[in-house]
file structure-v7.pdb (PDB, C-alpha atoms, pLDDT in the B column)
MODEL        1
ATOM      1  CA  MET M   1     -15.355  19.401 -78.747  1.00 48.00           C
ATOM      2  CA  ALA M   2     -14.032  22.833 -77.779  1.00 48.00           C
ATOM      3  CA  MET M   3     -14.992  25.184 -74.953  1.00 52.00           C
ATOM      4  CA  SER M   4     -13.951  28.604 -73.760  1.00 49.00           C
ATOM      5  CA  GLY M   5     -14.730  30.776 -70.778  1.00 53.00           C
ATOM      6  CA  THR M   6     -13.309  32.154 -67.580  1.00 52.00           C
ATOM      7  CA  VAL M   7     -12.728  30.650 -64.190  1.00 53.00           C
ATOM      8  CA  SER M   8     -12.430  32.713 -61.017  1.00 53.00           C
ATOM      9  CA  PHE M   9     -10.949  31.799 -57.653  1.00 51.00           C
ATOM     10  CA  ALA M  10     -11.010  33.672 -54.380  1.00 54.00           C
ATOM     11  CA  HIS M  11     -10.101  32.556 -50.884  1.00 54.00           C
ATOM     12  CA  ILE M  12     -10.010  34.839 -47.847  1.00 53.00           C
ATOM     13  CA  GLN M  13      -7.532  32.665 -45.922  1.00 54.00           C
ATOM     14  CA  LEU M  14      -5.007  32.981 -48.732  1.00 53.00           C
ATOM     15  CA  PHE M  15      -4.399  36.711 -48.242  1.00 53.00           C
ATOM     16  CA  ASN M  16      -7.525  37.622 -50.229  1.00 55.00           C
ATOM     17  CA  PHE M  17      -6.249  35.506 -53.097  1.00 54.00           C
ATOM     18  CA  GLU M  18      -8.201  36.124 -56.296  1.00 58.00           C
ATOM     19  CA  LEU M  19      -7.509  34.854 -59.788  1.00 61.00           C
ATOM     20  CA  LYS M  20      -9.507  35.179 -62.983  1.00 67.00           C
ATOM     21  CA  LEU M  21      -8.301  33.403 -66.121  1.00 70.00           C
ATOM     22  CA  GLY M  22      -9.729  33.232 -69.628  1.00 77.00           C
ATOM     23  CA  TYR M  23      -9.226  29.864 -71.289  1.00 78.00           C
ATOM     24  CA  CYS M  24     -10.060  27.804 -74.312  1.00 83.00           C
ATOM     25  CA  PHE M  25      -9.689  24.049 -74.436  1.00 81.00           C
ATOM     26  CA  GLY M  26     -10.725  21.111 -76.523  1.00 83.00           C
ATOM     27  CA  ILE M  27     -10.740  17.357 -76.374  1.00 83.00           C
ATOM     28  CA  GLN M  28     -10.592  14.559 -78.893  1.00 83.00           C
ATOM     29  CA  LEU M  29     -11.611  11.078 -77.852  1.00 82.00           C
ATOM     30  CA  ASN M  30      -9.330   8.165 -78.732  1.00 83.00           C
ATOM     31  CA  SER M  31     -11.908   5.441 -78.067  1.00 81.00           C
ATOM     32  CA  CYS M  32     -10.016   2.770 -80.027  1.00 82.00           C
ATOM     33  CA  ASN M  33      -6.872   3.093 -77.919  1.00 83.00           C
ATOM     34  CA  ASP M  34      -6.341   0.522 -75.197  1.00 81.00           C
ATOM     35  CA  PRO M  35      -6.543   1.962 -72.653  1.00 84.00           C
ATOM     36  CA  MET M  36      -8.894   4.618 -73.986  1.00 85.00           C
ATOM     37  CA  SER M  37      -7.459   8.146 -73.930  1.00 87.00           C
ATOM     38  CA  ILE M  38      -8.349  11.752 -74.656  1.00 87.00           C
ATOM     39  CA  ASP M  39      -6.138  14.262 -76.449  1.00 88.00           C
ATOM     40  CA  PHE M  40      -6.495  17.584 -74.674  1.00 87.00           C
ATOM     41  CA  TYR M  41      -5.426  21.072 -75.698  1.00 88.00           C
ATOM     42  CA  LEU M  42      -5.486  24.214 -73.588  1.00 86.00           C
ATOM     43  CA  GLN M  43      -4.796  27.887 -74.227  1.00 87.00           C
ATOM     44  CA  VAL M  44      -4.591  30.554 -71.500  1.00 84.00           C
ATOM     45  CA  PRO M  45      -3.591  33.710 -73.398  1.00 83.00           C
ATOM     46  CA  SER M  46      -2.956  35.932 -70.355  1.00 81.00           C
ATOM     47  CA  LYS M  47      -0.302  33.464 -69.159  1.00 82.00           C
ATOM     48  CA  ASN M  48       1.059  32.566 -72.632  1.00 87.00           C
ATOM     49  CA  VAL M  49       0.064  28.938 -72.061  1.00 87.00           C
ATOM     50  CA  SER M  50      -0.573  26.627 -74.966  1.00 89.00           C
ATOM     51  CA  MET M  51      -0.388  22.881 -74.417  1.00 90.00           C
ATOM     52  CA  ILE M  52      -1.456  19.605 -75.980  1.00 90.00           C
ATOM     53  CA  THR M  53      -1.299  16.323 -74.085  1.00 91.00           C
ATOM     54  CA  ARG M  54      -2.776  12.822 -74.106  1.00 92.00           C
ATOM     55  CA  VAL M  55      -4.488  11.730 -70.890  1.00 91.00           C
ATOM     56  CA  ASN M  56      -5.790   8.420 -69.617  1.00 87.00           C
ATOM     57  CA  GLU M  57      -8.674   7.938 -67.182  1.00 83.00           C
ATOM     58  CA  ASP M  58      -8.266   9.487 -63.735  1.00 84.00           C
ATOM     59  CA  THR M  59      -5.204  11.497 -64.737  1.00 87.00           C
ATOM     60  CA  LEU M  60      -4.045  14.615 -62.888  1.00 91.00           C
ATOM     61  CA  ILE M  61      -1.942  17.010 -64.976  1.00 92.00           C
ATOM     62  CA  SER M  62      -0.176  20.252 -64.147  1.00 89.00           C
ATOM     63  CA  ILE M  63      -0.651  23.295 -66.329  1.00 87.00           C
ATOM     64  CA  PRO M  64       2.824  24.486 -67.298  1.00 86.00           C
ATOM     65  CA  GLY M  65       3.547  28.168 -66.730  1.00 85.00           C
ATOM     66  CA  ILE M  66       0.730  28.826 -64.269  1.00 85.00           C
ATOM     67  CA  SER M  67       1.438  29.205 -60.571  1.00 85.00           C
ATOM     68  CA  ILE M  68       0.643  32.067 -58.255  1.00 81.00           C
ATOM     69  CA  SER M  69       3.078  33.140 -55.570  1.00 82.00           C
ATOM     70  CA  LEU M  70       1.487  33.547 -52.153  1.00 79.00           C
ATOM     71  CA  GLY M  71       4.573  34.892 -50.439  1.00 82.00           C
ATOM     72  CA  PRO M  72       5.699  32.978 -47.337  1.00 84.00           C
ATOM     73  CA  VAL M  73       2.770  30.537 -47.636  1.00 83.00           C
ATOM     74  CA  GLY M  74       4.153  29.105 -50.894  1.00 88.00           C
ATOM     75  CA  LYS M  75       2.432  29.032 -54.246  1.00 89.00           C
ATOM     76  CA  ALA M  76      -0.936  28.024 -55.675  1.00 85.00           C
ATOM     77  CA  VAL M  77      -0.646  25.550 -58.549  1.00 89.00           C
ATOM     78  CA  PRO M  78      -3.659  24.620 -60.710  1.00 88.00           C
ATOM     79  CA  LYS M  79      -4.016  21.047 -61.954  1.00 91.00           C
ATOM     80  CA  LEU M  80      -6.624  19.324 -64.100  1.00 91.00           C
ATOM     81  CA  ASN M  81      -8.250  16.011 -63.209  1.00 93.00           C
ATOM     82  CA  PHE M  82      -9.736  13.946 -66.052  1.00 91.00           C
ATOM     83  CA  ARG M  83     -12.257  11.211 -65.337  1.00 90.00           C
ATOM     84  CA  PHE M  84     -13.947   9.125 -68.002  1.00 87.00           C
ATOM     85  CA  GLU M  85     -15.645   5.788 -68.297  1.00 86.00           C
ATOM     86  CA  ARG M  86     -16.818   3.698 -71.238  1.00 85.00           C
ATOM     87  CA  SER M  87     -20.296   2.148 -71.244  1.00 87.00           C
ATOM     88  CA  ALA M  88     -20.583  -1.658 -71.266  1.00 88.00           C
ATOM     89  CA  ASP M  89     -21.297  -1.672 -75.019  1.00 86.00           C
ATOM     90  CA  GLY M  90     -18.343   0.686 -75.685  1.00 80.00           C
ATOM     91  CA  LYS M  91     -20.444   3.205 -77.623  1.00 83.00           C
ATOM     92  CA  VAL M  92     -20.778   5.948 -74.998  1.00 86.00           C
ATOM     93  CA  ILE M  93     -18.159   7.628 -72.825  1.00 87.00           C
ATOM     94  CA  GLN M  94     -19.076   9.700 -69.749  1.00 89.00           C
ATOM     95  CA  TYR M  95     -16.387  12.205 -68.774  1.00 87.00           C
ATOM     96  CA  SER M  96     -15.663  15.146 -66.512  1.00 90.00           C
ATOM     97  CA  ILE M  97     -12.798  17.629 -66.127  1.00 88.00           C
ATOM     98  CA  THR M  98     -12.145  19.339 -62.797  1.00 91.00           C
ATOM     99  CA  LEU M  99      -9.737  22.188 -62.063  1.00 87.00           C
ATOM    100  CA  LEU M 100      -7.982  21.663 -58.718  1.00 91.00           C
ATOM    101  CA  VAL M 101      -5.720  24.123 -56.918  1.00 88.00           C
ATOM    102  CA  TYR M 102      -2.821  22.839 -54.832  1.00 92.00           C
ATOM    103  CA  MET M 103      -0.800  24.758 -52.274  1.00 89.00           C
ATOM    104  CA  GLU M 104       2.883  23.942 -52.551  1.00 91.00           C
ATOM    105  CA  ASN M 105       5.730  24.981 -50.290  1.00 90.00           C
ATOM    106  CA  SER M 106       9.001  23.441 -49.158  1.00 90.00           C
ATOM    107  CA  TYR M 107       7.220  21.389 -46.457  1.00 92.00           C
ATOM    108  CA  THR M 108       4.041  20.066 -48.039  1.00 92.00           C
ATOM    109  CA  THR M 109       1.619  19.958 -50.966  1.00 92.00           C
ATOM    110  CA  TYR M 110      -2.129  19.792 -50.481  1.00 91.00           C
ATOM    111  CA  GLU M 111      -5.321  20.493 -52.408  1.00 91.00           C
ATOM    112  CA  VAL M 112      -7.449  23.498 -51.378  1.00 85.00           C
ATOM    113  CA  ASP M 113     -10.924  21.961 -51.662  1.00 86.00           C
ATOM    114  CA  GLN M 114     -12.715  25.332 -51.665  1.00 82.00           C
ATOM    115  CA  LEU M 115     -10.969  26.275 -54.926  1.00 80.00           C
ATOM    116  CA  ARG M 116     -12.082  23.162 -56.833  1.00 88.00           C
ATOM    117  CA  ARG M 117     -14.026  24.037 -60.019  1.00 84.00           C
ATOM    118  CA  ARG M 118     -15.817  21.549 -62.286  1.00 87.00           C
ATOM    119  CA  LEU M 119     -15.177  22.644 -65.882  1.00 81.00           C
ATOM    120  CA  ILE M 120     -17.145  19.771 -67.430  1.00 84.00           C
ATOM    121  CA  ASP M 121     -19.548  17.753 -65.306  1.00 87.00           C
ATOM    122  CA  SER M 122     -20.601  14.327 -66.553  1.00 86.00           C
ATOM    123  CA  GLU M 123     -20.788  14.956 -70.293  1.00 86.00           C
ATOM    124  CA  THR M 124     -21.382  12.238 -72.861  1.00 86.00           C
ATOM    125  CA  LEU M 125     -19.343  11.464 -75.978  1.00 82.00           C
ATOM    126  CA  HIS M 126     -20.427   8.931 -78.575  1.00 82.00           C
ATOM    127  CA  ALA M 127     -17.580   6.747 -79.799  1.00 80.00           C
ATOM    128  CA  LEU M 128     -17.186   6.366 -83.546  1.00 76.00           C
ATOM    129  CA  PRO M 129     -16.396   2.937 -84.980  1.00 74.00           C
ATOM    130  CA  CYS M 130     -12.659   2.297 -84.866  1.00 74.00           C
ATOM    131  CA  ALA M 131     -12.356   2.189 -88.648  1.00 58.00           C
ATOM    132  CA  ASN M 132     -13.366   5.884 -88.819  1.00 52.00           C
ATOM    133  CA  GLN M 133     -10.986   8.772 -88.280  1.00 47.00           C
ATOM    134  CA  LEU M 134     -11.972  11.197 -85.554  1.00 46.00           C
ATOM    135  CA  PRO M 135     -12.073  14.900 -86.443  1.00 48.00           C
ATOM    136  CA  HIS M 136      -8.985  16.919 -85.551  1.00 51.00           C
ATOM    137  CA  PHE M 137      -9.021  19.693 -82.938  1.00 52.00           C
ATOM    138  CA  GLY M 138     -10.760  22.930 -83.763  1.00 55.00           C
ATOM    139  CA  LYS M 139      -9.242  26.300 -82.967  1.00 59.00           C
ATOM    140  CA  CYS M 140      -9.801  28.500 -79.957  1.00 60.00           C
ATOM    141  CA  SER M 141     -11.521  31.829 -80.347  1.00 51.00           C
ATOM    142  CA  LEU M 142     -10.805  34.017 -77.316  1.00 42.00           C
ATOM    143  CA  GLN M 143     -11.940  37.490 -78.409  1.00 39.00           C
ATOM    144  CA  SER M 144     -14.557  38.045 -75.709  1.00 32.00           C
ATOM    145  CA  VAL M 145     -14.425  35.236 -73.226  1.00 33.00           C
ATOM    146  CA  VAL M 146     -16.740  36.078 -70.339  1.00 32.00           C
ATOM    147  CA  SER M 147     -18.403  32.869 -69.185  1.00 33.00           C
ATOM    148  CA  PRO M 148     -18.108  29.147 -69.906  1.00 36.00           C
ATOM    149  CA  HIS M 149     -19.902  28.164 -73.079  1.00 35.00           C
ATOM    150  CA  ARG M 150     -19.588  25.602 -75.799  1.00 37.00           C
ATOM    151  CA  SER M 151     -18.299  26.792 -79.085  1.00 35.00           C
ATOM    152  CA  HIS M 152     -17.686  25.073 -82.333  1.00 33.00           C
ATOM    153  CA  CYS M 153     -14.149  26.306 -82.784  1.00 35.00           C
TER     154      CYS M 153
ENDMDL
END

call {"tool": "encode", "arguments": {"input": "structure-v7.pdb", "output": "structure tokens"}}
result
Amino acid sequence: MAMSGTVSFAHIQLFNFELKLGYCFGIQLNSCNDPMSIDFYLQVPSKNVSMITRVNEDTLISIPGISISLGPVGKAVPKLNFRFERSADGKVIQYSITLLVYMENSYTTYEVDQLRRRLIDSETLHALPCANQLPHFGKCSLQSVVSPHRSHC
């Protein structure tokens, strides 16, 4: 599955911090792996970010190349949280992906709850039998990304 869109952040206490990023990402379920995993790819053209990684359940990953300097306060660093769970019969996987923003400075690191954005909220994937090959990633199309939508890249 592939998706594209934009995500916007604004926070008055962070010096009128505002960020708007276009993105495209996709996932491929590895339901036969033990533990189960998802291969994830992400492209953020305005930041020259292109990454592919394998994630396990309840994994928090940093997005390389994206951080926003907030002067003396430190920097804002986006991270992605992946949550997924297999049904009892193993045929259905519920998953979600949340974008979190952390403030980092030389003294501390903490999440800014008000900047949390759910990119995928409780979606369902149907697991193929393990003897079958799963389809490979599609390709991102980022010509006119204006709002989150599903695309068949």

call {"tool": "resolve_selection", "arguments": {"input": "structure-v7.pdb", "expression": "the PyMOL selection byres ((chain M and resi 121) around 8)", "output": "PyMOL selection string"}}
result
chain M and resi 95-98+118-120+122-123

call {"tool": "closest_residue", "arguments": {"input": "structure-v7.pdb", "among": "M:Thr124, M:Gln114, M:Ser37, M:Asn105", "to": "Asp58 in chain M", "atoms": "all atoms listed in the file"}}
result
M:Ser37

call {"tool": "closest_residue", "arguments": {"input": "structure-v7.pdb", "among": "M:Ile66, M:Ala127, M:Leu21, M:Ile52", "to": "Gly90 in chain M", "atoms": "all atoms listed in the file"}}
result
M:Ala127

call {"tool": "resolve_selection", "arguments": {"input": "structure-v7.pdb", "expression": "the PyMOL selection byres ((chain M and resi 75) around 12)", "output": "list in words"}}
result
Leu14, Phe15, Phe17, Ile66, Ser67, Ile68, Ser69, Leu70, Gly71, Pro72, Val73, Gly74, Ala76, Val77, Pro78, Val101, Tyr102, Met103, Glu104, Asn105, Ser106, Tyr107, Thr108, Thr109, Tyr110, Glu111 and Val112 of chain M

call {"tool": "atom_distance", "arguments": {"input": "structure-v7.pdb", "atom1": "CA of His126 in chain M", "atom2": "CA of Gln28 in chain M"}}
result
11.3 Å

call {"tool": "resolve_selection", "arguments": {"input": "structure-v7.pdb", "expression": "the PyMOL selection byres ((chain M and resi 93) around 6)", "output": "ChimeraX atom specification"}}
result
/M:85-86,92,94,124-125

call {"tool": "residues_near_point", "arguments": {"input": "structure-v7.pdb", "point": "(2.0, 31.6, -73.3)", "cutoff": "12 Å", "atoms": "all atoms listed in the file", "output": "list in words"}}
result
Tyr23, Leu42, Gln43, Val44, Pro45, Ser46, Lys47, Asn48, Val49, Ser50, Met51, Ile63, Pro64, Gly65 and Ile66 of chain M

call {"tool": "atom_distance", "arguments": {"input": "structure-v7.pdb", "atom1": "CA of Arg116 in chain M", "atom2": "CA of Asn33 in chain M"}}
result
29.6 Å

call {"tool": "atom_distance", "arguments": {"input": "structure-v7.pdb", "atom1": "CA of Ile38 in chain M", "atom2": "CA of Val55 in chain M"}}
result
5.4 Å

call {"tool": "residues_around", "arguments": {"input": "structure-v7.pdb", "residues": "Pro35 in chain M", "least_positions_apart": "5", "cutoff": "10 Å", "atoms": "all atoms listed in the file", "output": "number ranges by chain"}}
result
M: 30, 56-57
